[in-house]
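Shown next, in structure tokens, is the structure this report addresses.
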Amino acid sequence: MAAMNKRTAVPGFAIGCFLFYMLLPIVATYAFSVATRWDRSILPEGLTLDWYKAAFTDQWFIIVFKNSLVLSISTVIASILLIVPTAYWVHLRVPKARPLLDLISTLPFAIPGVVLALGLIRLYARPPLMLARTPVMLVAAYVIFTMPFMYRPVANSLEAVNIRVLTEAAQSLGASWGRTLRQIILPNILPGILSGGLLVFATIFGEFTIATFLVGARYKTFPMQLVYFTRRDGRIASAYSVISFTIAWTTSLVILWIAAWGAKRTSGGGKHPTKGHTTGVVGD
Amino acid sequence: MSYLDLDHLNKAFDGAIAVNNLSLHVEKGEFVSLLGPSGCGKTTTLRMIAGFETPDSGSIHLAGEEITSVPPNRRGMGMVFQSYALFPNMTAWGNVAFGLRVAQKSQKDIKQRVNQLLDLVGLSNAGHKYTNELSGGQQQRVALARALAIEPRVLLLDEPLSALDAVVRVSLRHEIRRIQTALGITTIYVTHDQEEALSISDRVVVMRQAMIEQVGTPEEIYTQPDTHFVATFVGTSNQFPGILKDARSGLVTSVNGDWQISIPPIMDDHMQNGDALIVIVRPEEIRVSQAEIVIEEDNVITAVLETITLLGPVTRLSLSLPGQLIIADIKTVDRGRFVCGTSVQLSFPRRACRVMPGGDITNGDDN
Ligand SMILES: Nc1ncnc2c1ncn2[C@@H]1O[C@H](COP(=O)(O)OP(=O)(O)OP(=O)(O)O)[C@@H](O)[C@H]1O
Ligand SMILES: [Mg+2]
């Protein structure tokens with residue numbers, strides 16, 4: 001019994017340290033964002049929502065929130081349009097190239113954001129593109145930067161359903177490529193696309209480095225304003241951070257929920273919405 | 001010209017030949033099986049008919065019209081896959097309706113036809129179910145209904161039953177044949193199960209190593225195999241390797257003179273006296289009797305009874321001759337009082353013997 005306790009105590013302690021290490025800054029940020037004054041005592045002197053009020057009423061708040069939203073959503077859309085058909089085609093027609101695509105899609109992890117940004121500025125500054133320092137270019141950079149987040153879940157979904165034989169079945173029934181993609185492939189890899197899209201969204205909403213390098217103050221984003229406030233008033237910055245966390249956590253929860261839904265759909269036990277005979281294509 | 005004509009089809013993958021100069025002519029309403037060991041090119045042939053593979057050379061004609069390079073979605077071929085390939089995002093009903101929706105049939109027609117087809121495959125109560133709520137056999141019925149819904153010009157099935165358990169497999173294959181006959185639909189059926197091919201086909205195409213070995217009715221394939229491979233791949237065969245002593249009287253002796261066999265006289269001169277050959281006799285043609293009984297038969301050979309295996313209605317006796325084993329299937333009710341290790345007599349008529357040239361004594365184990 002004693003030996004057992006020792007054995008479970010050590011990992012328990014390690015996990016405790018890990019959680020403490022991970023959670024302390026977050027808890028502190030949350031606490032700081034609602035504290036009146038916290039520089040003269042161990043615990044905050046009082047609680048207030050003033051910093052949130054300051055954050056929300058800041059003349060830039062709406063603008064940066066909207067900018068970040070536009071960037072995130074555009075990146076998600078561009079990423080889906082680019083990566084989903086590519087991944088589908090490679091899985092269907094050139095399965096031998098899959099390892100290569102797996103490798104390419106992880107490259108953005110290996111290249112530091114700054115290096116990527118500088119490289120992109122040089123590339124996009126030249127004719128015929130002339131897109132340097134525009135939000136369009138930023139979205140282009142973000143699509144590359146977040147490629148692993150989009151590609152991985154989509155590739156997993158493509159592997160989970162036998163898309164090759166489903167494609168052939170649809171074609172033998174007369175379906176065109178477009179119809180096959182819309183009515184057969186997309187509905188079956190939807191969980192992967194949604195997870196990927198939300199991961200990309202959360203990542204871009206909080207992205208600072210590349211945005212600063214590529215467009216800077218011309219197109220202010222939410223994280224830029226956050227950083228601005230860390231220099232002016234840490235408590236308002238904390239309120240910004242909390243808003244940012246909340247968005248990231250909400251998306252994470254939705255991703256988990258979608259993953260559970262996707263797993264249920266492909267492995268039996270799914271409910272049928274109607275029992276009538278006219279149940280046809282879900283979502284056509 | 002037939003309804004479906006395959007002429008001199010060739011297909012290689014990275015230099016490896018999958019289909020070699022294959023020609024086949026299928027009549028309207030015919031049920032043709034492609035039978036052969038794994039890797040012999042059955043699926044590749046079927047996929048070329050469906051349009052999923054383009055032949056390197058050769059042509060495919062359907063009802064007189066060349067379709068060699070028509071894309072699969074404009075060929076009107078119904079396809080049933082080994083893995084069912086039902087659309088998981090749709091109900092059974094939605095799956096069957098899919099092809100009709102693509103063809104832009106009216107709601108009323110779709111409804112009527114889908115219900116009719118689900119009825120035909122015995123699933124009129126399962127229309128609302130999703131793929132993962134159906135058994136393998138039910139899924140394959142839905143897949144069959146889905147392929148038939150579009151009134152395909154040819155129905156193509158690639159080992160549709162091989163993922164199912166034995167009982168379902170047998171009942172479903174009879175059902176496929178019943179539906180095929182009722183609708184009069186031209187069908188190409190790929191299988192590596194000889195019993196399946198023999199039991200449901202109008203004609204069987206035996207393939208081996210990318211080529212057609214023999215085409216014939218199930219009875220022809222079984223009773224008159226053209227080649228040594230067909231004789232051994234389809235059903236069980238005994239092989240007596242010997243030398244032709246006298247073509248006119250049909251006399252064959254074993255290489256070391258242990259036995260002699262009378263075969264039907266050889267009238268043409270594709271084989272001459274002194275040629276090596278193999279005499280092939282089906283196990284069910286061989287009668288086995290106690291050593292002391294006197295037998296009047298074309299061929300009587302003495303052998304030692306090695307094992308007795310009960311297979312159900314037949315019992316399989318394994319008998320040894322010098323240097324080889326012979327199998328004889330007798331009715332279980334005639335099993336009598338055979339004792340392992342004793343001498344017995346095998347007898348069979350000369351009409352039960354088929355003769356193959358024996359130059360290269362390769363056996364049929366390609367797989
Ligand atoms: N897409 C492909 N790429 C490369 N080689 C292939 C491809 N499809 C088939 N082959 C090869 O072609 C040959 C014939 O294959 P095919 O699938 O037609 O055989 P089969 O008779 O259907 O066998 P099985 O009974 O195992 O299904 C095999 O050697 C196979 O490895
Ligand atoms: Mg095959």
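To be explicit about the labels: the chains of the structure tokens are called A, B, and onward in the order shown, and within each one the residues are counted from 1, while ligands get numbers from 1 in the order they are shown.
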
Show me which residues are within 9 Å of ligand 1 counting only C-alpha atoms and all ligand atoms, and format the list as a ChimeraX atom specification.
/B:11-14,16-19,34-47,53,158-159,190-192,207-210

Selection near segment 131-143 of chain A, 9 Å with only C-alpha atoms, sequence-local residues under 5 positions removed, as a ChimeraX atom specification
/A:71-72,74-76,78-79,82,116-117,120-126,150,200,204,210-211,213-216,218-219

Limited to N, CA, C and O atoms, could you put the picked residues into a file as a CSV table (one decimal), in the first residue's frame?
```csv
chain,number,residue,atom,x,y,z
A,71,LEU,N,-9.4,39.3,-40.5
A,71,LEU,CA,-8.2,38.5,-40.8
A,71,LEU,C,-8.4,37.0,-40.5
A,71,LEU,O,-8.1,36.2,-41.4
A,72,SER,N,-9.0,36.7,-39.3
A,72,SER,CA,-9.1,35.3,-39.0
A,72,SER,C,-10.1,34.6,-39.9
A,72,SER,O,-9.8,33.5,-40.4
A,74,SER,N,-11.1,35.5,-43.0
A,74,SER,CA,-10.5,35.4,-44.3
A,74,SER,C,-9.5,34.3,-44.4
A,74,SER,O,-9.5,33.6,-45.4
A,75,THR,N,-8.7,34.2,-43.4
A,75,THR,CA,-7.7,33.1,-43.4
A,75,THR,C,-8.3,31.8,-43.4
A,75,THR,O,-7.9,30.9,-44.2
A,76,VAL,N,-9.3,31.6,-42.6
A,76,VAL,CA,-10.0,30.3,-42.5
A,76,VAL,C,-10.6,30.0,-43.9
A,76,VAL,O,-10.4,28.9,-44.4
A,78,ALA,N,-9.8,31.2,-46.9
A,78,ALA,CA,-8.7,31.0,-47.9
A,78,ALA,C,-8.1,29.6,-47.7
A,78,ALA,O,-7.8,28.9,-48.6
A,79,SER,N,-7.9,29.3,-46.4
A,79,SER,CA,-7.2,28.0,-46.1
A,79,SER,C,-8.1,26.8,-46.5
A,79,SER,O,-7.6,25.9,-47.1
A,82,LEU,N,-8.1,26.5,-50.3
A,82,LEU,CA,-6.8,26.0,-50.8
A,82,LEU,C,-6.5,24.6,-50.4
A,82,LEU,O,-6.1,23.8,-51.2
A,116,LEU,N,9.9,33.9,-41.7
A,116,LEU,CA,8.8,33.7,-42.7
A,116,LEU,C,8.3,35.1,-43.2
A,116,LEU,O,8.2,35.4,-44.4
A,117,ALA,N,8.1,36.0,-42.2
A,117,ALA,CA,7.6,37.3,-42.5
A,117,ALA,C,8.6,38.1,-43.4
A,117,ALA,O,8.2,38.7,-44.5
A,120,LEU,N,8.6,36.7,-46.9
A,120,LEU,CA,7.3,37.0,-47.6
A,120,LEU,C,7.3,38.5,-48.1
A,120,LEU,O,6.9,38.8,-49.2
A,121,ILE,N,7.9,39.4,-47.3
A,121,ILE,CA,7.9,40.8,-47.7
A,121,ILE,C,8.7,40.9,-49.0
A,121,ILE,O,8.3,41.6,-49.9
A,122,ARG,N,9.9,40.3,-49.0
A,122,ARG,CA,10.7,40.3,-50.2
A,122,ARG,C,10.0,39.8,-51.4
A,122,ARG,O,10.0,40.4,-52.5
A,123,LEU,N,9.3,38.7,-51.2
A,123,LEU,CA,8.6,38.0,-52.3
A,123,LEU,C,7.5,38.9,-52.9
A,123,LEU,O,7.3,39.2,-54.0
A,124,TYR,N,6.7,39.4,-51.9
A,124,TYR,CA,5.4,40.1,-52.3
A,124,TYR,C,5.7,41.6,-52.7
A,124,TYR,O,4.8,42.2,-53.3
A,125,ALA,N,6.9,42.1,-52.4
A,125,ALA,CA,7.2,43.5,-52.8
A,125,ALA,C,7.4,43.7,-54.3
A,125,ALA,O,7.4,44.8,-54.8
A,126,ARG,N,7.7,42.5,-54.9
A,126,ARG,CA,8.1,42.6,-56.4
A,126,ARG,C,6.9,42.6,-57.3
A,126,ARG,O,5.9,42.0,-56.9
A,150,MET,N,-4.8,23.3,-40.4
A,150,MET,CA,-5.8,23.0,-41.3
A,150,MET,C,-5.6,21.6,-41.9
A,150,MET,O,-6.5,20.8,-42.0
A,200,VAL,N,-7.4,27.3,-36.8
A,200,VAL,CA,-6.8,28.4,-37.6
A,200,VAL,C,-7.4,29.8,-37.0
A,200,VAL,O,-6.6,30.7,-36.8
A,204,ILE,N,-5.0,32.7,-35.4
A,204,ILE,CA,-4.8,34.0,-36.1
A,204,ILE,C,-5.4,35.1,-35.2
A,204,ILE,O,-4.8,36.2,-35.2
A,210,ILE,N,3.9,38.1,-36.8
A,210,ILE,CA,3.8,38.2,-38.3
A,210,ILE,C,3.1,39.5,-38.7
A,210,ILE,O,3.5,40.3,-39.6
A,211,ALA,N,1.9,39.7,-38.0
A,211,ALA,CA,1.1,40.9,-38.3
A,211,ALA,C,2.0,42.2,-38.1
A,211,ALA,O,1.9,43.1,-39.0
A,213,PHE,N,5.2,42.6,-38.2
A,213,PHE,CA,6.3,42.6,-39.2
A,213,PHE,C,5.7,43.0,-40.6
A,213,PHE,O,6.3,43.8,-41.3
A,214,LEU,N,4.6,42.4,-41.0
A,214,LEU,CA,4.1,42.5,-42.3
A,214,LEU,C,3.4,43.8,-42.6
A,214,LEU,O,3.5,44.4,-43.6
A,215,VAL,N,2.5,44.2,-41.7
A,215,VAL,CA,1.7,45.4,-41.9
A,215,VAL,C,1.8,46.4,-40.9
A,215,VAL,O,1.6,47.6,-41.1
A,216,GLY,N,2.1,46.0,-39.7
A,216,GLY,CA,2.4,47.0,-38.6
A,216,GLY,C,1.1,47.8,-38.3
A,216,GLY,O,0.0,47.4,-38.4
A,218,ARG,N,-0.4,49.9,-40.0
A,218,ARG,CA,-1.4,50.2,-41.0
A,218,ARG,C,-2.7,49.5,-40.9
A,218,ARG,O,-3.7,49.9,-41.4
A,219,TYR,N,-2.6,48.3,-40.2
A,219,TYR,CA,-3.8,47.5,-40.0
A,219,TYR,C,-3.7,46.9,-38.6
A,219,TYR,O,-3.2,45.8,-38.4
```

Could you list, as a PyMOL selection string, every residue of chain B that has an atom within 6 Å of an atom of chain A, counting only C-alpha atoms?
chain B and resi 72-73+85+90+94+99+128+132

Got a sec: who's within 8 Å of Glu213 of chain B, counting only C-alpha atoms, leaving out chain neighbours fewer than 5 positions off, as a compact mmCIF listing (two decimals) with C-alpha atoms, in the first residue's frame?
```txt
# COMPACT_ATOMS: atom_id res chain seq x y z
CA VAL B 205 -14.19 -16.40 -67.59
CA VAL B 206 -11.21 -18.01 -65.90
CA MET B 207 -8.26 -15.63 -65.72
CA ARG B 208 -4.65 -16.25 -64.83
CA THR B 227 -5.89 -26.20 -69.52
CA PHE B 229 -4.62 -24.50 -64.68
CA VAL B 230 -8.40 -24.45 -65.13
```

Skipping near chain neighbours, those fewer than 3 positions away, what residues fall within 10 Å of segment 235-244 of chain A using only C-alpha atoms, listed as a PyMOL selection string?
chain A and resi 26-38+49-56+58+61+202+205-206+222-223+225-232+247-249

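Backbone DSSP over segment 106-210 of chain B gives strand (DSSP E) for Val154, Leu155, Leu156, Leu157, Asp158, Thr187, Ile188, Tyr189, Val190, Thr191, Arg203, Val204, Val205, Val206, Met207 and Arg208 of chain B.
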
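Rounded to one decimal, atom CA of Arg146 of chain B and atom CA of Ala97 of chain B lie 7.1 Å from each other.
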
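For the set B:Asp109, B:Glu292, B:Asp7, B:Glu30, the residue with the smallest atom-to-atom gap to Gln180 of chain B is B:Glu30, counting only C-alpha atoms.
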
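A straight line drawn from atom CA of Leu117 of chain B to atom CA of Ser2 of chain B is 28.4 Å long.
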